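target-v9.txt follows; it contains compact mmCIF, C-alpha atoms.
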# COMPACT_ATOMS: atom_id res chain seq x y z
CA MET A 1 42.22 51.75 -29.47
CA ALA A 2 43.84 51.62 -26.01
CA THR A 3 40.75 53.02 -24.38
CA HIS A 4 38.57 50.48 -26.16
CA ASP A 5 40.76 47.61 -24.96
CA THR A 6 40.60 48.87 -21.38
CA THR A 7 36.83 49.04 -21.54
CA GLU A 8 36.60 45.49 -22.85
CA THR A 9 38.92 44.28 -20.12
CA THR A 10 36.84 45.99 -17.45
CA ASP A 11 33.59 44.53 -18.83
CA SER A 12 35.03 41.06 -19.03
CA THR A 13 36.08 41.07 -15.39
CA ALA A 14 32.78 42.49 -14.11
CA GLY A 15 30.75 39.39 -14.97
CA PRO A 16 32.60 36.85 -12.77
CA THR A 17 32.66 39.32 -9.87
CA GLU A 18 28.89 39.70 -10.03
CA GLU A 19 28.49 35.91 -10.19
CA VAL A 20 30.66 35.44 -7.08
CA VAL A 21 28.65 38.03 -5.16
CA ASP A 22 25.40 36.45 -6.28
CA TRP A 23 26.60 32.99 -5.20
CA ARG A 24 27.65 34.23 -1.80
CA THR A 25 24.38 36.04 -1.33
CA LYS A 26 22.38 32.93 -2.12
CA LEU A 27 24.50 30.88 0.28
CA ARG A 28 23.97 33.44 3.05
CA TYR A 29 20.21 33.41 2.47
CA PHE A 30 20.20 29.62 2.54
CA LEU A 31 22.16 29.41 5.78
CA ASN A 32 19.75 31.89 7.38
CA SER A 33 16.63 30.09 6.12
CA ASP A 34 14.18 28.38 8.44
CA PHE A 35 15.11 25.05 6.89
CA VAL A 36 18.72 25.25 8.06
CA ARG A 37 17.98 26.94 11.38
CA SER A 38 15.48 24.24 12.30
CA SER A 39 17.81 21.38 11.27
CA PRO A 40 18.83 20.54 14.89
CA TYR A 41 15.18 19.65 15.53
CA TRP A 42 14.40 17.56 12.44
CA GLY A 43 17.93 16.51 11.46
CA ILE A 44 18.58 14.05 14.30
CA PRO A 45 15.22 12.18 13.91
CA PHE A 46 15.76 12.13 10.14
CA VAL A 47 19.22 10.58 10.49
CA LEU A 48 18.03 8.03 13.07
CA MET A 49 15.07 7.06 10.89
CA GLY A 50 17.33 6.77 7.87
CA ILE A 51 19.70 4.46 9.72
CA ALA A 52 16.89 2.33 11.18
CA VAL A 53 14.81 2.05 8.00
CA TYR A 54 17.14 2.37 5.04
CA GLY A 55 20.07 0.88 6.91
CA GLY A 56 17.92 -2.15 7.69
CA ILE A 57 16.82 -2.42 4.05
CA GLY A 58 20.42 -2.25 2.90
CA TYR A 59 21.56 -4.87 5.42
CA ASN A 60 18.70 -7.16 4.39
CA LEU A 61 19.70 -6.75 0.75
CA ALA A 62 23.31 -7.60 1.59
CA ILE A 63 22.28 -10.74 3.51
CA SER A 64 20.19 -11.91 0.55
CA PHE A 65 23.41 -12.27 -1.48
CA THR A 66 24.97 -14.64 1.08
CA ASP A 67 24.11 -18.08 2.47
CA TYR A 68 23.56 -16.82 6.02
CA ALA A 69 21.60 -19.27 8.19
CA GLY A 70 21.24 -17.15 11.33
CA ILE A 71 24.27 -18.49 13.24
CA GLY A 72 27.35 -16.33 13.67
CA ARG A 73 28.06 -13.43 11.39
CA PRO A 74 27.18 -13.36 7.69
CA GLN A 75 30.10 -13.78 5.34
CA PHE A 76 30.18 -11.15 2.61
CA GLU A 77 33.24 -12.46 0.75
CA ASN A 78 31.38 -14.60 -1.79
CA LEU A 79 28.20 -12.81 -2.84
CA SER A 80 25.86 -14.41 -5.36
CA LEU A 81 22.27 -14.50 -6.62
CA GLU A 82 21.82 -18.10 -5.49
CA MET A 83 18.94 -17.31 -3.10
CA TYR A 84 17.03 -15.51 -5.83
CA ARG A 85 17.53 -18.42 -8.22
CA MET A 86 16.41 -20.78 -5.45
CA ALA A 87 13.26 -18.72 -4.90
CA LEU A 88 12.31 -18.68 -8.58
CA ALA A 89 12.80 -22.46 -8.75
CA ASP A 90 10.89 -23.13 -5.52
CA GLY A 91 7.32 -24.37 -6.01
CA SER A 92 6.29 -22.90 -2.64
CA PHE A 93 7.52 -19.47 -3.71
CA ARG A 94 5.66 -19.61 -7.02
CA ALA A 95 2.47 -20.75 -5.30
CA ALA A 96 2.76 -17.99 -2.68
CA ALA A 97 3.41 -15.38 -5.40
CA PHE A 98 0.37 -16.52 -7.38
CA GLN A 99 -1.88 -16.50 -4.31
CA ASN A 100 -0.51 -13.08 -3.38
CA PHE A 101 -1.42 -11.83 -6.85
CA VAL A 102 -4.95 -13.27 -6.60
CA LEU A 103 -5.35 -11.73 -3.15
CA LEU A 104 -4.09 -8.36 -4.38
CA VAL A 105 -6.31 -8.22 -7.47
CA GLY A 106 -9.42 -9.74 -5.89
CA PHE A 107 -9.27 -7.77 -2.66
CA THR A 108 -8.47 -4.45 -4.37
CA SER A 109 -11.08 -4.82 -7.13
CA VAL A 110 -13.95 -5.86 -4.86
CA SER A 111 -13.10 -3.22 -2.24
CA LEU A 112 -13.00 -0.48 -4.87
CA GLY A 113 -16.25 -1.62 -6.49
CA LEU A 114 -18.13 -1.93 -3.21
CA GLY A 115 -16.68 1.32 -1.88
CA LEU A 116 -17.69 3.20 -5.03
CA PHE A 117 -21.21 1.76 -4.91
CA LEU A 118 -21.65 2.77 -1.26
CA ALA A 119 -20.19 6.23 -1.90
CA VAL A 120 -22.64 6.85 -4.75
CA LEU A 121 -25.56 5.76 -2.56
CA LEU A 122 -24.48 8.06 0.26
CA ASP A 123 -23.82 10.95 -2.11
CA TYR A 124 -27.26 10.51 -3.68
CA GLY A 125 -28.79 10.98 -0.24
CA ILE A 126 -30.45 7.67 0.65
CA ARG A 127 -32.23 7.16 3.94
CA TYR A 128 -30.22 6.21 7.05
CA LYS A 129 -27.12 7.68 5.45
CA GLU A 130 -25.30 8.21 8.77
CA THR A 131 -26.11 4.69 9.98
CA ILE A 132 -24.79 3.03 6.82
CA GLN A 133 -21.67 5.18 6.88
CA THR A 134 -20.98 4.22 10.49
CA ILE A 135 -21.53 0.51 9.84
CA TYR A 136 -19.01 0.41 7.00
CA LEU A 137 -16.48 2.69 8.70
CA LEU A 138 -16.43 0.77 11.98
CA PRO A 139 -14.33 -2.20 10.73
CA MET A 140 -11.55 0.22 9.73
CA ALA A 141 -10.96 0.93 13.42
CA LEU A 142 -10.17 -2.74 14.06
CA SER A 143 -6.70 -4.19 13.78
CA PHE A 144 -5.85 -7.15 11.54
CA VAL A 145 -5.63 -9.38 14.61
CA VAL A 146 -9.12 -8.48 15.87
CA THR A 147 -10.59 -8.92 12.39
CA ALA A 148 -8.91 -12.31 12.01
CA GLN A 149 -10.25 -13.58 15.34
CA LEU A 150 -13.74 -12.34 14.50
CA TRP A 151 -13.82 -14.10 11.16
CA LEU A 152 -12.14 -17.20 12.58
CA TRP A 153 -15.20 -17.52 14.80
CA MET A 154 -17.52 -16.72 11.90
CA TYR A 155 -15.88 -19.43 9.75
CA SER A 156 -15.78 -22.07 12.51
CA PRO A 157 -16.92 -25.45 11.08
CA GLY A 158 -18.75 -26.33 14.28
CA ASN A 159 -20.62 -23.33 15.62
CA GLY A 160 -19.65 -20.51 13.27
CA VAL A 161 -22.34 -18.04 12.28
CA LEU A 162 -21.98 -18.84 8.58
CA ASN A 163 -22.30 -22.58 9.12
CA VAL A 164 -25.30 -22.10 11.40
CA PHE A 165 -26.95 -20.26 8.51
CA VAL A 166 -25.85 -22.96 6.02
CA THR A 167 -27.21 -25.82 8.14
CA THR A 168 -30.44 -23.92 8.67
CA LEU A 169 -30.92 -24.02 4.90
CA GLY A 170 -30.45 -27.79 4.97
CA PHE A 171 -26.85 -28.03 3.72
CA GLU A 172 -23.81 -29.65 5.29
CA PRO A 173 -21.39 -27.45 7.26
CA ILE A 174 -18.54 -26.01 5.19
CA ASP A 175 -14.91 -25.90 6.26
CA TRP A 176 -14.29 -22.41 4.91
CA LEU A 177 -10.63 -22.16 5.87
CA GLY A 178 -9.76 -25.85 5.58
CA ASN A 179 -10.87 -26.21 1.97
CA PRO A 180 -8.05 -25.01 -0.34
CA ARG A 181 -10.60 -23.98 -2.97
CA LEU A 182 -12.47 -21.72 -0.54
CA ALA A 183 -9.79 -20.53 1.90
CA LEU A 184 -8.40 -17.68 -0.21
CA ALA A 185 -11.88 -16.44 -1.12
CA ALA A 186 -12.81 -16.50 2.58
CA VAL A 187 -9.73 -14.43 3.43
CA ILE A 188 -10.49 -11.93 0.65
CA PHE A 189 -14.10 -11.61 1.85
CA ALA A 190 -12.95 -10.84 5.41
CA LEU A 191 -10.45 -8.24 4.23
CA VAL A 192 -13.05 -6.61 1.95
CA TRP A 193 -15.37 -6.37 4.94
CA GLN A 194 -12.70 -4.46 6.82
CA PHE A 195 -11.40 -2.12 4.11
CA SER A 196 -14.33 -1.39 1.82
CA GLY A 197 -15.22 1.43 4.20
CA TYR A 198 -11.89 3.07 3.44
CA ALA A 199 -12.62 3.03 -0.30
CA MET A 200 -16.08 4.39 0.44
CA VAL A 201 -14.64 7.38 2.33
CA VAL A 202 -12.11 8.17 -0.42
CA PHE A 203 -14.75 8.06 -3.17
CA LEU A 204 -17.27 9.99 -1.09
CA ALA A 205 -14.72 12.76 -0.53
CA GLY A 206 -14.10 12.87 -4.27
CA LEU A 207 -17.81 13.03 -5.05
CA GLN A 208 -18.48 15.82 -2.59
CA SER A 209 -15.61 17.88 -4.02
CA LEU A 210 -17.29 18.03 -7.44
CA PRO A 211 -19.43 21.09 -8.27
CA SER A 212 -23.16 20.54 -7.87
CA ASP A 213 -24.03 22.37 -11.08
CA GLN A 214 -23.05 19.25 -13.05
CA PHE A 215 -25.98 17.38 -11.54
CA GLU A 216 -28.32 20.27 -12.25
CA ALA A 217 -27.16 20.54 -15.87
CA ALA A 218 -27.59 16.80 -16.41
CA LYS A 219 -31.06 16.97 -14.86
CA VAL A 220 -32.05 19.79 -17.19
CA ASP A 221 -30.86 17.71 -20.16
CA GLY A 222 -33.13 14.88 -19.02
CA ALA A 223 -30.39 12.47 -17.88
CA SER A 224 -31.36 10.01 -15.16
CA PRO A 225 -29.31 9.87 -11.93
CA THR A 226 -27.81 6.53 -13.01
CA LYS A 227 -26.59 7.88 -16.35
CA THR A 228 -25.37 11.06 -14.66
CA TYR A 229 -23.14 9.11 -12.30
CA ILE A 230 -21.92 6.61 -14.88
CA ARG A 231 -21.20 9.01 -17.74
CA ILE A 232 -20.33 12.28 -15.97
CA ILE A 233 -19.50 11.90 -12.29
CA ILE A 234 -17.60 8.61 -11.92
CA PRO A 235 -15.11 9.32 -14.76
CA GLN A 236 -13.95 12.34 -12.75
CA LEU A 237 -12.89 10.15 -9.81
CA LYS A 238 -9.68 8.95 -11.48
CA GLN A 239 -7.38 10.47 -8.87
CA ALA A 240 -9.41 9.08 -5.97
CA SER A 241 -9.48 5.65 -7.61
CA VAL A 242 -5.71 5.54 -8.10
CA GLY A 243 -5.00 6.67 -4.53
CA ALA A 244 -7.40 4.17 -2.97
CA ALA A 245 -6.11 1.34 -5.19
CA VAL A 246 -2.49 1.94 -4.16
CA VAL A 247 -3.32 1.89 -0.44
CA LEU A 248 -5.45 -1.26 -0.78
CA MET A 249 -2.76 -3.07 -2.78
CA LEU A 250 -0.20 -2.29 -0.11
CA PHE A 251 -2.56 -3.70 2.51
CA ALA A 252 -2.85 -6.86 0.42
CA LEU A 253 0.93 -7.24 0.24
CA LYS A 254 1.35 -7.00 4.01
CA ALA A 255 -1.52 -9.20 5.19
CA PHE A 256 0.84 -11.40 7.23
CA ASP A 257 -0.57 -10.49 10.63
CA PHE A 258 -4.12 -11.28 9.49
CA LEU A 259 -3.15 -14.75 8.24
CA TYR A 260 -0.94 -15.41 11.25
CA ALA A 261 -3.74 -14.45 13.66
CA ILE A 262 -6.10 -16.89 11.96
CA THR A 263 -3.85 -19.91 12.52
CA GLY A 264 -1.45 -18.89 15.27
CA ASP A 265 1.30 -20.39 13.14
CA TYR A 266 3.67 -19.32 10.37
CA ARG A 267 1.88 -21.55 7.89
CA PRO A 268 -1.61 -20.26 7.02
CA PRO A 269 -4.40 -22.54 5.77
CA ASN A 270 -3.88 -24.36 2.48
CA GLY A 271 -4.30 -22.06 -0.47
CA THR A 272 -3.67 -18.82 1.46
CA ASP A 273 0.12 -18.77 1.75
CA ILE A 274 1.49 -15.43 0.49
CA LEU A 275 5.00 -14.00 0.14
CA ALA A 276 4.94 -12.34 3.57
CA THR A 277 4.06 -15.56 5.40
CA LEU A 278 6.56 -17.55 3.33
CA MET A 279 9.29 -15.05 4.12
CA VAL A 280 8.69 -15.13 7.88
CA ARG A 281 8.41 -18.93 7.92
CA GLU A 282 11.66 -19.46 6.02
CA ALA A 283 13.57 -16.98 8.19
CA PHE A 284 12.21 -17.57 11.69
CA GLN A 285 10.95 -21.14 11.61
CA TYR A 286 13.45 -22.82 9.29
CA GLY A 287 16.41 -20.54 9.97
CA GLN A 288 17.00 -19.74 6.28
CA TRP A 289 17.80 -16.08 6.86
CA ALA A 290 19.39 -15.42 3.49
CA TYR A 291 16.49 -17.04 1.67
CA GLY A 292 14.00 -15.08 3.75
CA ALA A 293 15.93 -11.87 3.05
CA ALA A 294 15.75 -12.58 -0.70
CA ILE A 295 11.97 -13.05 -0.48
CA ALA A 296 11.68 -9.84 1.57
CA THR A 297 13.69 -7.95 -1.07
CA MET A 298 11.39 -9.17 -3.84
CA LEU A 299 8.37 -8.21 -1.73
CA LEU A 300 9.87 -4.72 -1.35
CA LEU A 301 10.32 -4.48 -5.11
CA LEU A 302 6.67 -5.43 -5.58
CA SER A 303 5.65 -2.67 -3.18
CA LEU A 304 7.78 -0.17 -5.08
CA ALA A 305 6.23 -1.37 -8.34
CA VAL A 306 2.83 -0.50 -6.86
CA ILE A 307 3.88 2.90 -5.52
CA ALA A 308 6.00 4.12 -8.45
CA PRO A 309 3.14 4.44 -11.00
CA TYR A 310 1.10 6.32 -8.41
CA LEU A 311 3.93 8.79 -7.77
CA ILE A 312 4.37 9.28 -11.52
CA PHE A 313 0.63 9.87 -11.88
CA GLN A 314 0.65 12.39 -9.03
CA TYR A 315 3.65 14.18 -10.53
CA ARG A 316 1.95 14.50 -13.91
CA GLN A 317 -1.16 15.80 -12.19
CA GLY A 318 0.93 18.47 -10.49
CA SER A 319 0.27 17.12 -6.98
CA LEU A 320 3.96 16.51 -6.18

I'd like the structure from this file rewritten - as structure tokens, please.
Amino acid sequence: MATHDTTETTDSTAGPTEEVVDWRTKLRYFLNSDFVRSSPYWGIPFVLMGIAVYGGIGYNLAISFTDYAGIGRPQFENLSLEMYRMALADGSFRAAAFQNFVLLVGFTSVSLGLGLFLAVLLDYGIRYKETIQTIYLLPMALSFVVTAQLWLWMYSPGNGVLNVFVTTLGFEPIDWLGNPRLALAAVIFALVWQFSGYAMVVFLAGLQSLPSDQFEAAKVDGASPTKTYIRIIIPQLKQASVGAAVVLMLFALKAFDFLYAITGDYRPPNGTDILATLMVREAFQYGQWAYGAAIATMLLLLSLAVIAPYLIFQYRQGSL
């Protein structure tokens, strides 16, 4: 019995010893890994970026709970949600949010549809494929400011290209940006012109990654090219569609510089005010820093609401 007890005691003390050795071994391997040894090179930029980006986001969030007006230091003693309640009750905020939603949906939908159509044409092998691809990719190389100035000249009521065409047909010139019923559609059209090429590239890459034997099998079965693309090929572009949609929606949320370049002022034409322009106007023109910070926080939450479903989709697809 004594020997049996000694054996049990020895076995019971062997387990923790092995666990301690295993823990120390893992720690030693971790400290000698390339990740830790390279930390002096990536650690400092990572910390600086974290302070500049996430520190700024945190400070903006803190200001949004105060009544800071840009003079002196913000007082953090009495924090409240007053600025958020003010935003939700403000007619200008609701109008800007609605117009932002219309811009987001309209711009994203049309860009995706046009990009998919062009990608299918290029994948099918139409004539002048390289020329068409270059024409639709060129606007992507332009900044928002250059695009805005180009379309400001195109939309000019006096000598704009569009109004020259309209008057040639015998109609009166149209104030594209001055008419509240047309201004937002004119902005969406200009942004689609610039970014439909991006959607085209994303879809074209997805199409060219598919195996060619699907086309051959559909051809043997007697399916026309149109039915082949609609019923077989396009449904397989789900991942490309989601990725392109997320990027385009983020562009729609941050179209401030485009609208500012059109007018040269913080207030864009009637009917085109969005959350980004409202935020900058309230903070920098009217000095309502806390109110502007609250609008910026809600704009950040909208951006996260766009990105989060995409990250979840990528995780379920095994891409993260």

Within 8 Å of range 295-303 of chain A: each range 13-103 of chain A residue with its shortest pair, all atoms listed in the file, as a Markdown table:
| residue | atom | partner | partner_atom | distance |
| --- | --- | --- | --- | --- |
| A:Asn60 | CA | A:Thr297 | CA | 7.5 |
| A:Leu61 | CA | A:Thr297 | CA | 6.4 |
| A:Ser64 | CA | A:Thr297 | CA | 7.8 |
| A:Tyr84 | CA | A:Ile295 | CA | 7.8 |
| A:Ala87 | CA | A:Ile295 | CA | 7.3 |

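Among the candidates A:Gln317, A:Ser196, A:Gln75, A:Ser212, the residue lying nearest to Leu137 in chain A is A:Ser196 (atoms considered: all atoms listed in the file).
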
**Request:** Counting only C-alpha atoms, note down every residue that has an atom within 12 Å of the point (-15.2, -3.8, -5.1) (file coordinates), as a VMD selection string.
**Result:** chain A and resid 105 to 119 188 to 189 191 to 193 195 to 200 241 244 to 245 248

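Straight-line separation from CA of Phe215 in chain A to CA of Gln236 in chain A: 13.1 Å.
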
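Nearest residue to Ala276 in chain A, choosing from A:Gln314, A:Gln99, A:Asn179, A:Gln288 and counting only C-alpha atoms: A:Gln99.
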
**Request:** Report the distance between CA of Ala217 in chain A and CA of Phe203 in chain A in Å, rounded to one decimal place.
**Result:**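 Between these atoms lies a distance of 21.7 Å.
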
**Prompt:** Counting all atoms listed in the file, what is within 10 Å of Gln194 in chain A, bar same-chain residues fewer than 6 positions away, as a list in words?
**Reply:**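 My list of contacting residues is Ser111, Tyr136, Leu137, Leu138, Pro139, Met140, Ala141, Leu142, Ser143, Phe144, Thr147 and Ile188 of chain A.
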
**Item:** Minimum-distance residue to Ala261 in chain A, chosen among A:Tyr68, A:Ile126, A:Leu150, A:Trp176 (using all atoms listed in the file)
**Value:**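 Between A:Tyr68, A:Ile126, A:Leu150, A:Trp176, the residue approaching Ala261 in chain A most closely is A:Leu150.
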
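Among the candidate residues A:Glu82, A:Asp123, A:Asp90, A:Asp257, the one lying nearest to Val145 in chain A is A:Asp257, with distances computed using all atoms listed in the file.
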
**Message:** My list of candidates is A:Val102, A:Ala223, A:Ala89, A:Ala290. Which is closest to Ala185 in chain A when distances are computed with all atoms listed in the file?
**Reply:**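 Nearest to Ala185 in chain A: A:Val102.
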
**Prompt:** Do you have the CA of Leu182 in chain A-CA of Val280 in chain A distance handy?
**Reply:** 23.7 Å

**Request:** Would you please work out which residue, of A:Ile51, A:Leu31, A:Leu259, A:Ile63, is nearest to Gln149 in chain A when using all atoms listed in the file?
**Result:**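 Checking each candidate against Gln149 in chain A, we get A:Leu259 as the closest.
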
**Message:** If we count only C-alpha atoms and set the cut-off at 10 Å, which residues sit around Thr263 in chain A, ignoring sequence neighbours fewer than 5 positions away in its own chain? Please answer as a VMD selection string.
**Reply:** chain A and resid 148 to 149 152 177 258 268 to 269
